[in-house]
>>> print(open('coords.cif').read())   # mmCIF, N, CA and C atoms
data_my_file
loop_
_atom_site.label_atom_id
_atom_site.label_comp_id
_atom_site.auth_asym_id
_atom_site.auth_seq_id
_atom_site.Cartn_x
_atom_site.Cartn_y
_atom_site.Cartn_z
N MET A 1 -1.72 18.72 45.74
CA MET A 1 -1.24 17.50 45.15
C MET A 1 -2.18 17.01 44.04
N VAL A 2 -3.48 16.99 44.34
CA VAL A 2 -4.47 16.54 43.35
C VAL A 2 -4.45 17.48 42.14
N GLY A 3 -4.32 18.76 42.38
CA GLY A 3 -4.27 19.73 41.28
C GLY A 3 -3.06 19.51 40.38
N THR A 4 -1.94 19.18 40.99
CA THR A 4 -0.72 18.93 40.22
C THR A 4 -0.88 17.68 39.35
N VAL A 5 -1.47 16.64 39.92
CA VAL A 5 -1.70 15.40 39.18
C VAL A 5 -2.65 15.66 38.02
N MET A 6 -3.72 16.41 38.27
CA MET A 6 -4.68 16.72 37.22
C MET A 6 -4.03 17.56 36.11
N ALA A 7 -3.19 18.50 36.49
CA ALA A 7 -2.49 19.32 35.51
C ALA A 7 -1.55 18.46 34.67
N LEU A 8 -0.85 17.53 35.30
CA LEU A 8 0.06 16.64 34.60
C LEU A 8 -0.71 15.75 33.62
N ILE A 9 -1.85 15.23 34.05
CA ILE A 9 -2.69 14.40 33.17
C ILE A 9 -3.18 15.23 31.98
N GLY A 10 -3.54 16.47 32.23
CA GLY A 10 -3.98 17.36 31.15
C GLY A 10 -2.88 17.63 30.14
N VAL A 11 -1.66 17.83 30.63
CA VAL A 11 -0.52 18.08 29.73
C VAL A 11 -0.24 16.84 28.88
N ILE A 12 -0.26 15.67 29.51
CA ILE A 12 -0.01 14.43 28.77
C ILE A 12 -1.09 14.20 27.72
N ALA A 13 -2.35 14.43 28.10
CA ALA A 13 -3.46 14.26 27.16
C ALA A 13 -3.33 15.24 26.00
N GLY A 14 -2.94 16.47 26.29
CA GLY A 14 -2.77 17.47 25.24
C GLY A 14 -1.65 17.11 24.29
N MET A 15 -0.54 16.64 24.83
CA MET A 15 0.60 16.25 24.00
C MET A 15 0.25 15.04 23.13
N THR A 16 -0.52 14.11 23.71
CA THR A 16 -0.95 12.95 22.94
C THR A 16 -1.86 13.38 21.79
N GLY A 17 -2.75 14.30 22.05
CA GLY A 17 -3.65 14.81 21.01
C GLY A 17 -2.88 15.49 19.90
N VAL A 18 -1.87 16.26 20.25
CA VAL A 18 -1.05 16.93 19.24
C VAL A 18 -0.30 15.90 18.39
N ALA A 19 0.25 14.86 19.03
CA ALA A 19 0.98 13.82 18.30
C ALA A 19 0.06 13.09 17.34
N ILE A 20 -1.14 12.75 17.79
CA ILE A 20 -2.10 12.07 16.91
C ILE A 20 -2.50 12.98 15.75
N GLY A 21 -2.69 14.25 16.03
CA GLY A 21 -3.03 15.20 14.98
C GLY A 21 -1.92 15.33 13.94
N LEU A 22 -0.67 15.34 14.39
CA LEU A 22 0.44 15.43 13.44
C LEU A 22 0.53 14.18 12.57
N LEU A 23 0.30 13.01 13.15
CA LEU A 23 0.31 11.78 12.37
C LEU A 23 -0.82 11.78 11.33
N ALA A 24 -2.00 12.25 11.73
CA ALA A 24 -3.13 12.32 10.80
C ALA A 24 -2.84 13.32 9.68
N LEU A 25 -2.22 14.44 10.01
CA LEU A 25 -1.86 15.44 8.99
C LEU A 25 -0.87 14.86 7.99
N ARG A 26 0.12 14.13 8.49
CA ARG A 26 1.11 13.51 7.61
C ARG A 26 0.44 12.52 6.66
N SER A 27 -0.46 11.71 7.19
CA SER A 27 -1.18 10.74 6.36
C SER A 27 -2.05 11.44 5.33
N ALA A 28 -2.72 12.51 5.72
CA ALA A 28 -3.58 13.25 4.81
C ALA A 28 -2.76 13.90 3.70
N ARG A 29 -1.61 14.47 4.03
CA ARG A 29 -0.76 15.08 3.02
C ARG A 29 -0.29 14.05 2.01
N ARG A 30 0.07 12.86 2.49
CA ARG A 30 0.51 11.80 1.59
C ARG A 30 -0.63 11.38 0.66
N ALA A 31 -1.84 11.28 1.18
CA ALA A 31 -3.00 10.91 0.36
C ALA A 31 -3.28 11.97 -0.70
N VAL A 32 -3.16 13.24 -0.33
CA VAL A 32 -3.37 14.33 -1.30
C VAL A 32 -2.31 14.28 -2.39
N GLU A 33 -1.04 14.06 -2.00
CA GLU A 33 0.03 13.96 -2.99
C GLU A 33 -0.22 12.81 -3.96
N ASP A 34 -0.66 11.66 -3.42
CA ASP A 34 -0.96 10.50 -4.27
C ASP A 34 -2.09 10.83 -5.25
N CYS A 35 -3.13 11.49 -4.77
CA CYS A 35 -4.25 11.85 -5.64
C CYS A 35 -3.81 12.83 -6.73
N LEU A 36 -3.00 13.80 -6.38
CA LEU A 36 -2.50 14.75 -7.37
C LEU A 36 -1.65 14.05 -8.42
N ASP A 37 -0.81 13.09 -7.99
CA ASP A 37 0.01 12.33 -8.93
C ASP A 37 -0.87 11.53 -9.88
N MET A 38 -1.91 10.88 -9.34
CA MET A 38 -2.81 10.10 -10.19
C MET A 38 -3.56 10.99 -11.18
N LEU A 39 -4.01 12.16 -10.73
CA LEU A 39 -4.72 13.07 -11.62
C LEU A 39 -3.79 13.58 -12.72
N ALA A 40 -2.57 13.91 -12.36
CA ALA A 40 -1.61 14.38 -13.36
C ALA A 40 -1.33 13.29 -14.39
N ARG A 41 -1.23 12.06 -13.93
CA ARG A 41 -0.99 10.96 -14.84
C ARG A 41 -2.17 10.75 -15.78
N GLN A 42 -3.37 10.81 -15.26
CA GLN A 42 -4.56 10.65 -16.09
C GLN A 42 -4.66 11.78 -17.11
N TYR A 43 -4.34 12.99 -16.70
CA TYR A 43 -4.40 14.14 -17.60
C TYR A 43 -3.38 13.98 -18.72
N ALA A 44 -2.20 13.45 -18.37
CA ALA A 44 -1.14 13.28 -19.37
C ALA A 44 -1.53 12.24 -20.41
N LEU A 45 -2.35 11.27 -20.04
CA LEU A 45 -2.77 10.23 -20.99
C LEU A 45 -3.70 10.78 -22.06
N GLY A 46 -4.44 11.83 -21.71
CA GLY A 46 -5.37 12.44 -22.66
C GLY A 46 -6.52 11.50 -23.00
N GLY A 47 -7.53 12.03 -23.66
CA GLY A 47 -8.66 11.20 -24.05
C GLY A 47 -9.47 10.73 -22.85
N VAL A 48 -10.42 9.84 -23.12
CA VAL A 48 -11.28 9.30 -22.07
C VAL A 48 -11.06 7.79 -22.03
N PRO A 49 -10.21 7.31 -21.13
CA PRO A 49 -9.94 5.88 -21.07
C PRO A 49 -11.11 5.13 -20.42
N ASP A 50 -11.21 3.84 -20.69
CA ASP A 50 -12.20 2.98 -20.06
C ASP A 50 -11.75 2.75 -18.62
N VAL A 51 -12.45 3.33 -17.66
CA VAL A 51 -12.02 3.26 -16.27
C VAL A 51 -12.18 1.87 -15.66
N LYS A 52 -12.94 1.00 -16.32
CA LYS A 52 -13.14 -0.35 -15.78
C LYS A 52 -12.12 -1.36 -16.31
N ALA A 53 -11.32 -0.97 -17.30
CA ALA A 53 -10.31 -1.86 -17.84
C ALA A 53 -9.08 -1.87 -16.92
N ILE A 54 -8.50 -3.06 -16.72
CA ILE A 54 -7.27 -3.15 -15.93
C ILE A 54 -6.20 -2.38 -16.67
N ARG A 55 -5.61 -1.41 -16.01
CA ARG A 55 -4.61 -0.59 -16.69
C ARG A 55 -3.39 -0.33 -15.83
N ASP A 56 -3.50 -0.51 -14.55
CA ASP A 56 -2.37 -0.24 -13.66
C ASP A 56 -1.91 -1.55 -13.03
N VAL A 57 -0.63 -1.88 -13.26
CA VAL A 57 -0.06 -3.12 -12.75
C VAL A 57 1.28 -2.81 -12.10
N ALA A 58 1.52 -3.43 -10.96
CA ALA A 58 2.81 -3.30 -10.29
C ALA A 58 3.13 -4.60 -9.57
N VAL A 59 4.40 -4.98 -9.62
CA VAL A 59 4.89 -6.19 -8.96
C VAL A 59 5.90 -5.79 -7.90
N CYS A 60 5.68 -6.28 -6.70
CA CYS A 60 6.60 -6.04 -5.58
C CYS A 60 7.24 -7.39 -5.25
N ARG A 61 8.55 -7.52 -5.45
CA ARG A 61 9.27 -8.77 -5.17
C ARG A 61 10.00 -8.61 -3.83
N TYR A 62 10.03 -9.70 -3.05
CA TYR A 62 10.65 -9.63 -1.72
C TYR A 62 10.98 -11.02 -1.20
N ASP A 63 11.76 -11.07 -0.15
CA ASP A 63 12.06 -12.31 0.56
C ASP A 63 11.08 -12.43 1.71
N ALA A 64 10.05 -13.27 1.56
CA ALA A 64 9.03 -13.40 2.59
C ALA A 64 9.49 -14.29 3.74
N LEU A 65 10.34 -15.24 3.44
CA LEU A 65 10.80 -16.20 4.45
C LEU A 65 12.32 -16.11 4.56
N ALA A 66 12.83 -16.25 5.79
CA ALA A 66 14.27 -16.16 6.01
C ALA A 66 15.02 -17.28 5.30
N GLU A 67 14.36 -18.42 5.09
CA GLU A 67 15.02 -19.56 4.47
C GLU A 67 15.21 -19.40 2.97
N MET A 68 14.49 -18.46 2.36
CA MET A 68 14.56 -18.28 0.91
C MET A 68 15.01 -16.85 0.59
N THR A 69 16.04 -16.76 -0.23
CA THR A 69 16.50 -15.44 -0.68
C THR A 69 16.35 -15.37 -2.19
N GLY A 70 16.64 -14.23 -2.73
CA GLY A 70 16.54 -14.05 -4.17
C GLY A 70 15.25 -13.39 -4.61
N ARG A 71 14.49 -12.85 -3.65
CA ARG A 71 13.24 -12.14 -3.94
C ARG A 71 12.31 -13.00 -4.81
N LEU A 72 12.07 -14.24 -4.38
CA LEU A 72 11.21 -15.15 -5.14
C LEU A 72 9.74 -15.00 -4.79
N SER A 73 9.44 -14.41 -3.64
CA SER A 73 8.04 -14.13 -3.29
C SER A 73 7.65 -12.82 -3.95
N PHE A 74 6.35 -12.67 -4.25
CA PHE A 74 5.92 -11.44 -4.91
C PHE A 74 4.46 -11.15 -4.63
N SER A 75 4.10 -9.89 -4.80
CA SER A 75 2.71 -9.43 -4.81
C SER A 75 2.53 -8.61 -6.07
N VAL A 76 1.50 -8.92 -6.85
CA VAL A 76 1.22 -8.18 -8.06
C VAL A 76 -0.19 -7.58 -7.94
N ALA A 77 -0.27 -6.28 -8.13
CA ALA A 77 -1.56 -5.58 -8.09
C ALA A 77 -1.99 -5.29 -9.52
N MET A 78 -3.25 -5.59 -9.80
CA MET A 78 -3.85 -5.32 -11.11
C MET A 78 -5.11 -4.51 -10.85
N ILE A 79 -5.06 -3.22 -11.19
CA ILE A 79 -6.07 -2.26 -10.78
C ILE A 79 -6.63 -1.53 -12.00
N ASN A 80 -7.94 -1.20 -11.95
CA ASN A 80 -8.53 -0.40 -13.02
C ASN A 80 -8.53 1.08 -12.62
N GLY A 81 -9.11 1.91 -13.46
CA GLY A 81 -9.12 3.35 -13.23
C GLY A 81 -9.94 3.78 -12.02
N LEU A 82 -10.82 2.91 -11.52
CA LEU A 82 -11.61 3.21 -10.33
C LEU A 82 -10.90 2.77 -9.05
N GLY A 83 -9.74 2.12 -9.22
CA GLY A 83 -9.02 1.61 -8.05
C GLY A 83 -9.49 0.24 -7.63
N ASP A 84 -10.27 -0.43 -8.49
CA ASP A 84 -10.77 -1.77 -8.20
C ASP A 84 -9.91 -2.80 -8.92
N GLY A 85 -9.76 -3.97 -8.31
CA GLY A 85 -8.99 -5.03 -8.94
C GLY A 85 -8.63 -6.09 -7.94
N ILE A 86 -7.43 -6.65 -8.12
CA ILE A 86 -6.97 -7.71 -7.22
C ILE A 86 -5.49 -7.53 -6.90
N VAL A 87 -5.07 -8.19 -5.83
CA VAL A 87 -3.66 -8.34 -5.51
C VAL A 87 -3.41 -9.83 -5.42
N LEU A 88 -2.49 -10.33 -6.21
CA LEU A 88 -2.11 -11.73 -6.22
C LEU A 88 -0.76 -11.85 -5.53
N THR A 89 -0.68 -12.70 -4.50
CA THR A 89 0.54 -12.84 -3.72
C THR A 89 0.99 -14.29 -3.74
N SER A 90 2.28 -14.50 -3.95
CA SER A 90 2.87 -15.83 -3.92
C SER A 90 4.02 -15.81 -2.91
N ILE A 91 3.90 -16.65 -1.89
CA ILE A 91 4.94 -16.79 -0.87
C ILE A 91 5.68 -18.09 -1.15
N ASN A 92 6.96 -17.96 -1.48
CA ASN A 92 7.76 -19.11 -1.89
C ASN A 92 8.70 -19.56 -0.79
N GLY A 93 8.62 -20.85 -0.43
CA GLY A 93 9.52 -21.47 0.53
C GLY A 93 10.30 -22.58 -0.14
N ARG A 94 11.12 -23.27 0.63
CA ARG A 94 11.93 -24.36 0.07
C ARG A 94 11.07 -25.53 -0.41
N THR A 95 10.04 -25.87 0.36
CA THR A 95 9.27 -27.07 0.05
C THR A 95 7.87 -26.79 -0.47
N GLU A 96 7.41 -25.57 -0.37
CA GLU A 96 6.06 -25.28 -0.85
C GLU A 96 5.91 -23.81 -1.22
N THR A 97 4.88 -23.56 -2.01
CA THR A 97 4.53 -22.19 -2.40
C THR A 97 3.06 -22.00 -2.09
N ARG A 98 2.75 -20.87 -1.48
CA ARG A 98 1.36 -20.54 -1.18
C ARG A 98 0.98 -19.30 -2.00
N THR A 99 -0.23 -19.35 -2.56
CA THR A 99 -0.70 -18.25 -3.38
C THR A 99 -2.02 -17.74 -2.82
N TYR A 100 -2.14 -16.42 -2.75
CA TYR A 100 -3.32 -15.77 -2.22
C TYR A 100 -3.79 -14.70 -3.21
N VAL A 101 -5.07 -14.46 -3.23
CA VAL A 101 -5.61 -13.35 -4.02
C VAL A 101 -6.57 -12.58 -3.11
N ARG A 102 -6.46 -11.27 -3.14
CA ARG A 102 -7.33 -10.42 -2.33
C ARG A 102 -7.95 -9.35 -3.22
N PRO A 103 -9.25 -9.09 -3.04
CA PRO A 103 -9.90 -8.04 -3.84
C PRO A 103 -9.53 -6.65 -3.34
N VAL A 104 -9.55 -5.71 -4.26
CA VAL A 104 -9.26 -4.30 -3.95
C VAL A 104 -10.43 -3.47 -4.46
N ARG A 105 -10.90 -2.54 -3.65
CA ARG A 105 -11.98 -1.62 -4.04
C ARG A 105 -11.53 -0.21 -3.68
N GLY A 106 -11.57 0.67 -4.65
CA GLY A 106 -11.21 2.07 -4.40
C GLY A 106 -9.79 2.25 -3.91
N GLY A 107 -8.89 1.35 -4.33
CA GLY A 107 -7.48 1.47 -3.94
C GLY A 107 -7.16 0.90 -2.58
N ARG A 108 -8.13 0.24 -1.94
CA ARG A 108 -7.90 -0.35 -0.62
C ARG A 108 -8.36 -1.80 -0.64
N GLY A 109 -7.67 -2.62 0.11
CA GLY A 109 -8.05 -4.01 0.20
C GLY A 109 -9.35 -4.19 0.96
N ILE A 110 -10.21 -5.05 0.46
CA ILE A 110 -11.43 -5.38 1.20
C ILE A 110 -11.06 -6.18 2.44
N GLN A 111 -10.06 -7.04 2.30
CA GLN A 111 -9.47 -7.76 3.42
C GLN A 111 -8.18 -7.04 3.77
N PRO A 112 -7.67 -7.22 4.99
CA PRO A 112 -6.40 -6.58 5.34
C PRO A 112 -5.28 -7.03 4.40
N LEU A 113 -4.49 -6.06 3.93
CA LEU A 113 -3.38 -6.35 3.03
C LEU A 113 -2.08 -6.32 3.81
N SER A 114 -1.12 -7.12 3.36
CA SER A 114 0.22 -7.08 3.95
C SER A 114 0.89 -5.78 3.49
N PRO A 115 1.97 -5.37 4.16
CA PRO A 115 2.68 -4.16 3.72
C PRO A 115 3.15 -4.26 2.27
N GLU A 116 3.59 -5.44 1.84
CA GLU A 116 4.05 -5.62 0.47
C GLU A 116 2.89 -5.49 -0.51
N GLU A 117 1.73 -6.03 -0.14
CA GLU A 117 0.55 -5.91 -1.00
C GLU A 117 0.10 -4.45 -1.09
N GLU A 118 0.14 -3.75 0.03
CA GLU A 118 -0.22 -2.32 0.01
C GLU A 118 0.72 -1.54 -0.89
N GLN A 119 2.02 -1.86 -0.84
CA GLN A 119 2.97 -1.15 -1.69
C GLN A 119 2.71 -1.44 -3.17
N ALA A 120 2.35 -2.68 -3.48
CA ALA A 120 2.04 -3.01 -4.88
C ALA A 120 0.82 -2.23 -5.35
N VAL A 121 -0.23 -2.17 -4.52
CA VAL A 121 -1.44 -1.43 -4.89
C VAL A 121 -1.11 0.06 -5.07
N ARG A 122 -0.38 0.61 -4.13
CA ARG A 122 -0.02 2.04 -4.21
C ARG A 122 0.80 2.33 -5.46
N ALA A 123 1.78 1.46 -5.75
CA ALA A 123 2.62 1.66 -6.93
C ALA A 123 1.80 1.54 -8.21
N ALA A 124 0.85 0.61 -8.24
CA ALA A 124 -0.01 0.48 -9.42
C ALA A 124 -0.85 1.73 -9.61
N ARG A 125 -1.44 2.22 -8.52
CA ARG A 125 -2.29 3.42 -8.62
C ARG A 125 -1.50 4.64 -9.08
N LEU A 126 -0.23 4.70 -8.69
CA LEU A 126 0.60 5.85 -9.06
C LEU A 126 1.31 5.66 -10.40
N GLY A 127 1.16 4.49 -10.99
CA GLY A 127 1.81 4.23 -12.27
C GLY A 127 3.29 3.97 -12.15
N ASN A 128 3.73 3.46 -11.01
CA ASN A 128 5.15 3.19 -10.78
C ASN A 128 5.56 1.79 -11.20
N GLY A 129 4.65 1.00 -11.77
CA GLY A 129 4.93 -0.39 -12.13
C GLY A 129 5.66 -0.46 -13.45
N PRO A 130 5.88 -1.62 -14.00
CA PRO A 130 5.37 -2.87 -13.46
C PRO A 130 6.21 -3.45 -12.33
N ASP A 131 7.52 -3.29 -12.31
CA ASP A 131 8.35 -3.88 -11.27
C ASP A 131 8.87 -2.77 -10.37
N ILE A 132 8.57 -2.88 -9.07
CA ILE A 132 8.97 -1.83 -8.14
C ILE A 132 9.94 -2.39 -7.11
N ALA A 133 10.73 -1.52 -6.55
CA ALA A 133 11.63 -1.89 -5.46
C ALA A 133 10.85 -1.79 -4.15
N LEU A 134 11.06 -2.76 -3.28
CA LEU A 134 10.38 -2.75 -1.99
C LEU A 134 10.88 -1.57 -1.17
N GLN A 135 9.96 -0.73 -0.71
CA GLN A 135 10.29 0.44 0.09
C GLN A 135 10.27 0.08 1.57
N PRO A 136 11.12 0.68 2.40
CA PRO A 136 11.05 0.40 3.84
C PRO A 136 9.72 0.84 4.39
N HIS A 137 9.23 0.11 5.40
CA HIS A 137 7.93 0.44 6.00
C HIS A 137 8.02 1.76 6.75
N ARG A 138 6.95 2.55 6.65
CA ARG A 138 6.92 3.86 7.33
C ARG A 138 6.06 3.78 8.54
#
>>> encode(input="coords.cif", output="structure tokens")
Amino acid sequence: MVGTVMALIGVIAGMTGVAIGLLALRSARRAVEDCLDMLARQYALGGVPDVKAIRDVAVCRYDALAEMTGRLSFSVAMINGLGDGIVLTSINGRTETRTYVRPVRGGRGIQPLSPEEEQAVRAARLGNGPDIALQPHR
């Protein structure tokens, strides 16, 4: 009985490890594809651009609150060639608007970013801006 339980625990642990490995592989492949896209874009531009100048901008419009429609809320990413910059977010409601700004370093938020902010940063880095369609969360 104990041997059967131990074997079952081993199988579950092994399957969990395989699932985690597959998720990590998927994430790594996506990161490699993004890097290749960015490199191809930089190569196509030719010359030696100023990597510290803001050059990549993308705006992600969405309905942040159920009470407001019309995609009036937005996140705009303004990124330089090093992946540094800011994400400016405006959440619009019926009676008030809140605005936030978060720093970005190396293509990642220093503070946790919302899914919409992450999409704006990713779209800016890939040159998909300035106005992007909100993609479903993966």
>>> closest_residue(input="coords.cif", among="A:Met15, A:Ala31, A:Met1, A:Val51", to="Gly85 (chain A)", atoms="only C-alpha atoms")
A:Val51
>>> residues_near_point(input="coords.cif", point="(10.9, -10.5, -0.6)", cutoff="7 Å", atoms="only N, CA and C atoms", output="list of chain:residue names")
A:Cys60, A:Arg61, A:Tyr62, A:Asp63, A:Ala64, A:Leu65, A:Gly70, A:Arg71, A:Leu72, A:Ser73, A:Phe74
>>> write_last_selection(input="coords.cif", atoms="N, CA and C atoms", output="mmCIF file, keeping the file's coordinate frame")
data_model
loop_
_atom_site.group_PDB
_atom_site.id
_atom_site.type_symbol
_atom_site.label_atom_id
_atom_site.label_comp_id
_atom_site.auth_asym_id
_atom_site.auth_seq_id
_atom_site.Cartn_x
_atom_site.Cartn_y
_atom_site.Cartn_z
ATOM 1 N N CYS A 60 5.680 -6.280 -6.700
ATOM 2 C CA CYS A 60 6.600 -6.040 -5.580
ATOM 3 C C CYS A 60 7.240 -7.390 -5.250
ATOM 4 N N ARG A 61 8.550 -7.520 -5.450
ATOM 5 C CA ARG A 61 9.270 -8.770 -5.170
ATOM 6 C C ARG A 61 10.000 -8.610 -3.830
ATOM 7 N N TYR A 62 10.030 -9.700 -3.050
ATOM 8 C CA TYR A 62 10.650 -9.630 -1.720
ATOM 9 C C TYR A 62 10.980 -11.020 -1.200
ATOM 10 N N ASP A 63 11.760 -11.070 -0.150
ATOM 11 C CA ASP A 63 12.060 -12.310 0.560
ATOM 12 C C ASP A 63 11.080 -12.430 1.710
ATOM 13 N N ALA A 64 10.050 -13.270 1.560
ATOM 14 C CA ALA A 64 9.030 -13.400 2.590
ATOM 15 C C ALA A 64 9.490 -14.290 3.740
ATOM 16 N N LEU A 65 10.340 -15.240 3.440
ATOM 17 C CA LEU A 65 10.800 -16.200 4.450
ATOM 18 C C LEU A 65 12.320 -16.110 4.560
ATOM 19 N N GLY A 70 16.640 -14.230 -2.730
ATOM 20 C CA GLY A 70 16.540 -14.050 -4.170
ATOM 21 C C GLY A 70 15.250 -13.390 -4.610
ATOM 22 N N ARG A 71 14.490 -12.850 -3.650
ATOM 23 C CA ARG A 71 13.240 -12.140 -3.940
ATOM 24 C C ARG A 71 12.310 -13.000 -4.810
ATOM 25 N N LEU A 72 12.070 -14.240 -4.380
ATOM 26 C CA LEU A 72 11.210 -15.150 -5.140
ATOM 27 C C LEU A 72 9.740 -15.000 -4.790
ATOM 28 N N SER A 73 9.440 -14.410 -3.640
ATOM 29 C CA SER A 73 8.040 -14.130 -3.290
ATOM 30 C C SER A 73 7.650 -12.820 -3.950
ATOM 31 N N PHE A 74 6.350 -12.670 -4.250
ATOM 32 C CA PHE A 74 5.920 -11.440 -4.910
ATOM 33 C C PHE A 74 4.460 -11.150 -4.630
#
>>> residues_around(input="coords.cif", residues="Gly109 (chain A)", least_positions_apart="6", cutoff="9 Å", atoms="only C-alpha atoms", output="PyMOL selection string")
chain A and resi 86-87+102-103+117-118+121
>>> closest_residue(input="coords.cif", among="A:Val59, A:Glu96, A:Ala66, A:Ala77", to="Gly129 (chain A)", atoms="all atoms listed in the file")
A:Val59
>>> atom_distance(input="coords.cif", atom1="atom C of Asp37 (chain A)", atom2="atom N of Arg55 (chain A)")
15.1 Å
>>> closest_residue(input="coords.cif", among="A:Ala58, A:Ala44, A:Ala24, A:Val5", to="Asn128 (chain A)", atoms="all atoms listed in the file")
A:Ala58
>>> atom_distance(input="coords.cif", atom1="atom N of Arg108 (chain A)", atom2="CA of Ala19 (chain A)")
26.0 Å
